[in-house]
Every structure is written in structure tokens, then in C-alpha cells.
Amino acid sequence: MTRLTQNDRDAYERDGFLLLDGFISDDWLDRLDAAMTRFIDESRSLTTSSTSILVAPDHTPEEPRLRRIPQTVAFDPDFEAFGLRGPIVDLAEDLLGPDVRFHHSKLNFKWRDGGEEIKWHQDIQFWPHSNYSPLTIGVYLVDVDDEMGPMGVFRGSHKGPLSPLSNAAGAWTGALTEAEIAALDPRDIVWLKGRRGAVTVHNCRAVHGSPPNRSPRMRPLLLHTYARADAAPLTGIMDGVPFANTMVRGVDAPSAVYADEPCPMPPNWEQGGYSSIFAAQRAMS
Ligand SMILES: O=C(O)CCC(=O)C(=O)O
């Protein structure tokens, strides 16, 4: 089903992102709310993170503070239906063409009163693919305003250089350096605020991040990454995760397509383990 206009598709190609208001129906939003609430309730039995719920260091069972539900589609049937068969799969097909592979999903919280910053970064270095078709679709599950840590994107930065996401000593930080950020024009930053049900799309090369949530309202952002079938994943980061790297539209590609420009590789997560961008950016900056 085509949901985008040619203007939308042109804007995505030109700017590297889209913001679509009112994209998700109330029926879907109610199902997603209920699924999110189940995880928040479950977190009340946790003192530290579990496989399906990553909590912030100041989380307590009485006062839950969640960072992320990783791999939402693996842990809940409504999240599974949404990520593999929901309206955002139409959107992915609209932008990527008929053959679409699902890569991963997550629900990023920014908890009220201090939910953490996500520093400026590009996604593709976390999970390199043979080409730069992967994109991430975000769904705001509540109205998100300036105070709540909306996602910001540098317009057109998907056409710029790929950062190694490392510090001056060459150690992985998962974030751009101050010098790399200074080379970008702050006037290009677009803050993707939106109402409940708004959808964001950003290309895997787009420089993006989000400030802390200083408001008394939490900011849940449900994210799914899809790629063209001919984009072969180059690391095993999603190996063994249910539904990761499965086709959600069309047919698998007979050959991988390799982009000309090489992609900086992340550390070997199979050795060190990977939990989330929150932990990665804090541990290694
Ligand atoms: O949650 C956010 O605001 C941004 C998420 C993000 O950039 C990421 O998980 O890569």
C-alpha cells in the first residue's frame, strides 16, 4: 500500500529523514500502549535489567525507570504484529521498494525528570550492512514536545562523511567527536517533535541524537529498522534474535549489493557483548 506522496519520497532522499503526523491509527496506538504498560508493570519485579527490560541505574521496583525494551518483536505478540505486519512495514516498502528485510526493533524510553541524552551519532556503524539502504522508523507513543528529548536530525547529513564513532585515541565511543559536530551546521538541526501517533523515519547515515528529558512526562519512542533485501548485514549482532533479519515483504535478494563507500566497523560485539546505545555511549566516551 502506498502511503507516501512523491514529495515525501523526494524529501527523504534529499534530507535523510521524514516526520509524518497522524500516521498510526488509534487502534494500533491503544494496542502498543497496552504492550508498553505490560513491560512497565513487569519492571516492578526487577532490581536490575533483564533480557527484555533494560532499566536505568536509579530504577527501583517502587519507582520504575526504564531505558529500553530491546527486540520488542521478540518479546510481545502485539509488538511482533506491529513490527512485522503493521502500517510501518508499508512505509518501509514505500521507501525501500518491494523486497524488505526487518533488522531489529526497540522501545527507547526517556524517563521523566532526567531520561538520558543520546549523543549525536549515525546508526550504520553500530550494525554495518553492505549498502546504506537501512532506515529506522520511529513511532511516538505520547505527544512529544521540546522539553521531552525529541529526536533531532542534521538535515542532509546522510550525504556527508561516515564517522568512525571513536575518540582521538581510536577507542569506540558510539558518538561523533566535538570536532565532527563542529563541522556540521547547527542551522541544519531539525527537532522531530510530534503528537502521539506521529512517525519519524531516518536513514542509517543521518546524524541524529536527542537531549535529556527534563520534563515530568516520559517519552517512549518505538523504533524499527528495515533494509532492502540486497543489504547484507556484515556483523552477527542480531544472530539468534527471534525475527531479526527476516523478510517482511517480497523476496530475498539473490545477491548482496555493496556500496562503494566503506563503512567503519564497530567493536566485535560477539566478544564484548552489546546492550544498548545508552550503555555504549556512557561506558566508552
Ligand atoms: O531515542 C532516541 O531519541 C534516539 C534513538 C537513537 O538514536 C538510537 O537508538 O539509535
# chains A, B, ... in the order shown; residues from 1 in each chain; ligands from 1
>>> residues_near_ligand(ligand="ligand 1", cutoff="8 Å", atoms="only C-alpha atoms and all ligand atoms", output="count of residues only")
24
>>> select_by_dssp(residues="region 32-274 of chain A", states="helix (DSSP H, G or I)", output="PyMOL selection string")
chain A and resi 32-43+72-75+77-85+87-96+146-148+157-159+178-182+186-188+269-272
>>> closest_residue(among="A:Leu184, A:Ile40, A:Val73, A:Ala34", to="Pro242 (chain A)", atoms="only C-alpha atoms")
A:Val73
>>> closest_residue(among="A:Arg219, A:Arg44, A:Lys193, A:Arg3", to="Ile88 (chain A)", atoms="only C-alpha atoms")
A:Arg3
>>> atom_distance(atom1="CA of Ala244 (chain A)", atom2="CA of His103 (chain A)")
5.1 Å
>>> residues_around(residues="Asp27 (chain A)", least_positions_apart="5", cutoff="12 Å", atoms="only C-alpha atoms", output="MDAnalysis selection string")
chainID A and resid 32:34 78 82 86:87 197
>>> write_last_selection(atoms="all heavy atoms", output="tab-separated table (two decimals), in the first residue's frame")
chain	number	residue	atom	x	y	z
A	32	LEU	N	-0.41	-0.77	21.25
A	32	LEU	CA	1.00	-0.54	21.60
A	32	LEU	C	1.13	0.00	23.03
A	32	LEU	O	2.04	-0.39	23.78
A	32	LEU	CB	1.65	0.43	20.60
A	32	LEU	CG	1.70	-0.08	19.15
A	32	LEU	CD1	2.17	1.03	18.20
A	32	LEU	CD2	2.60	-1.30	19.01
A	33	ASP	N	0.19	0.87	23.42
A	33	ASP	CA	0.17	1.38	24.80
A	33	ASP	C	0.04	0.23	25.79
A	33	ASP	O	0.74	0.19	26.82
A	33	ASP	CB	-1.08	2.25	25.02
A	33	ASP	CG	-0.82	3.70	24.76
A	33	ASP	OD1	0.36	4.07	24.59
A	33	ASP	OD2	-1.80	4.47	24.72
A	34	ALA	N	-0.89	-0.68	25.49
A	34	ALA	CA	-1.14	-1.80	26.40
A	34	ALA	C	0.12	-2.67	26.50
A	34	ALA	O	0.49	-3.12	27.59
A	34	ALA	CB	-2.33	-2.61	25.91
A	78	ASP	N	1.85	-8.33	20.31
A	78	ASP	CA	1.36	-7.11	19.66
A	78	ASP	C	2.52	-6.33	19.02
A	78	ASP	O	2.40	-5.80	17.92
A	78	ASP	CB	0.60	-6.23	20.65
A	78	ASP	CG	-0.76	-6.81	20.98
A	78	ASP	OD1	-1.44	-7.28	20.05
A	78	ASP	OD2	-1.13	-6.84	22.17
A	82	PHE	N	2.99	-5.61	15.01
A	82	PHE	CA	3.21	-4.25	14.53
A	82	PHE	C	4.49	-4.15	13.68
A	82	PHE	O	4.49	-3.58	12.59
A	82	PHE	CB	3.30	-3.29	15.72
A	82	PHE	CG	3.40	-1.85	15.31
A	82	PHE	CD1	2.29	-1.18	14.82
A	82	PHE	CD2	4.60	-1.15	15.42
A	82	PHE	CE1	2.37	0.15	14.43
A	82	PHE	CE2	4.69	0.18	15.04
A	82	PHE	CZ	3.57	0.84	14.55
A	86	GLY	N	2.61	-4.49	10.50
A	86	GLY	CA	1.85	-3.26	10.75
A	86	GLY	C	2.04	-2.21	9.67
A	86	GLY	O	2.76	-2.42	8.69
A	87	PRO	N	1.42	-1.04	9.87
A	87	PRO	CA	1.44	0.02	8.84
A	87	PRO	C	2.83	0.57	8.54
A	87	PRO	O	3.07	1.08	7.44
A	87	PRO	CB	0.54	1.11	9.44
A	87	PRO	CG	0.46	0.80	10.90
A	87	PRO	CD	0.62	-0.66	11.05
A	197	GLY	N	1.33	9.10	17.83
A	197	GLY	CA	0.97	8.54	16.53
A	197	GLY	C	1.77	9.11	15.38
A	197	GLY	O	1.65	8.65	14.25
>>> residues_around(residues="region 250-262 of chain A", least_positions_apart="6", cutoff="9 Å", atoms="only C-alpha atoms", output="PyMOL selection string")
chain A and resi 97-101+129-132+162+228-232
>>> write_last_selection(atoms="N, CA and C atoms", output="mmCIF file, in the first residue's frame")
data_model
loop_
_atom_site.group_PDB
_atom_site.id
_atom_site.type_symbol
_atom_site.label_atom_id
_atom_site.label_comp_id
_atom_site.auth_asym_id
_atom_site.auth_seq_id
_atom_site.Cartn_x
_atom_site.Cartn_y
_atom_site.Cartn_z
ATOM 1 N N GLY A 97 11.325 -0.106 -1.608
ATOM 2 C CA GLY A 97 10.982 -0.995 -2.719
ATOM 3 C C GLY A 97 10.354 -2.274 -2.188
ATOM 4 N N PRO A 98 10.028 -3.193 -3.101
ATOM 5 C CA PRO A 98 9.160 -4.320 -2.738
ATOM 6 C C PRO A 98 9.788 -5.367 -1.822
ATOM 7 N N ASP A 99 11.112 -5.456 -1.793
ATOM 8 C CA ASP A 99 11.756 -6.538 -1.043
ATOM 9 C C ASP A 99 12.409 -5.963 0.213
ATOM 10 N N VAL A 100 11.800 -6.231 1.351
ATOM 11 C CA VAL A 100 12.193 -5.544 2.595
ATOM 12 C C VAL A 100 12.541 -6.561 3.668
ATOM 13 N N ARG A 101 13.680 -6.340 4.312
ATOM 14 C CA ARG A 101 14.102 -7.185 5.423
ATOM 15 C C ARG A 101 14.004 -6.387 6.732
ATOM 16 N N HIS A 129 25.939 -2.775 7.152
ATOM 17 C CA HIS A 129 25.344 -3.583 6.087
ATOM 18 C C HIS A 129 26.143 -3.319 4.809
ATOM 19 N N SER A 130 25.908 -4.127 3.801
ATOM 20 C CA SER A 130 26.691 -3.973 2.566
ATOM 21 C C SER A 130 26.308 -2.704 1.802
ATOM 22 N N ASN A 131 25.154 -2.124 2.075
ATOM 23 C CA ASN A 131 24.830 -0.833 1.471
ATOM 24 C C ASN A 131 24.082 0.032 2.492
ATOM 25 N N TYR A 132 23.753 1.240 2.077
ATOM 26 C CA TYR A 132 23.227 2.226 3.029
ATOM 27 C C TYR A 132 21.713 2.400 2.920
ATOM 28 N N LEU A 162 31.009 9.394 6.881
ATOM 29 C CA LEU A 162 30.697 8.442 7.954
ATOM 30 C C LEU A 162 31.755 8.592 9.032
ATOM 31 N N ARG A 228 16.710 -2.800 2.485
ATOM 32 C CA ARG A 228 16.451 -3.516 1.229
ATOM 33 C C ARG A 228 16.979 -4.941 1.377
ATOM 34 N N ALA A 229 16.347 -5.875 0.685
ATOM 35 C CA ALA A 229 16.764 -7.276 0.792
ATOM 36 C C ALA A 229 18.219 -7.457 0.361
ATOM 37 N N ASP A 230 18.701 -6.582 -0.516
ATOM 38 C CA ASP A 230 20.075 -6.767 -1.019
ATOM 39 C C ASP A 230 21.130 -6.137 -0.106
ATOM 40 N N ALA A 231 20.722 -5.630 1.043
ATOM 41 C CA ALA A 231 21.677 -5.099 2.031
ATOM 42 C C ALA A 231 22.016 -6.233 3.000
ATOM 43 N N ALA A 232 23.191 -6.804 2.852
ATOM 44 C CA ALA A 232 23.561 -7.934 3.715
ATOM 45 C C ALA A 232 24.137 -7.411 5.022
#
>>> closest_residue(among="A:Ala175, A:Leu20, A:Ala11, A:Leu107", to="Gly156 (chain A)", atoms="only C-alpha atoms")
A:Ala11
>>> closest_residue(among="A:Ala74, A:Met36, A:Ala81, A:Leu141", to="Arg217 (chain A)", atoms="only C-alpha atoms")
A:Leu141
>>> closest_residue(among="A:Ala198, A:Leu222, A:Leu18, A:Leu96", to="Ala35 (chain A)", atoms="only C-alpha atoms")
A:Leu222
>>> atom_distance(atom1="CA of Glu93 (chain A)", atom2="CA of Thr225 (chain A)")
12.0 Å
>>> closest_residue(among="A:Thr72, A:Glu13, A:Cys263, A:Phe23", to="Phe39 (chain A)", atoms="only C-alpha atoms")
A:Thr72
>>> select_by_dssp(residues="region 38-138 of chain A", states="strand (DSSP E)", output="ChimeraX atom specification")
/A:54-55,66-70,100-110,118-121,135-138
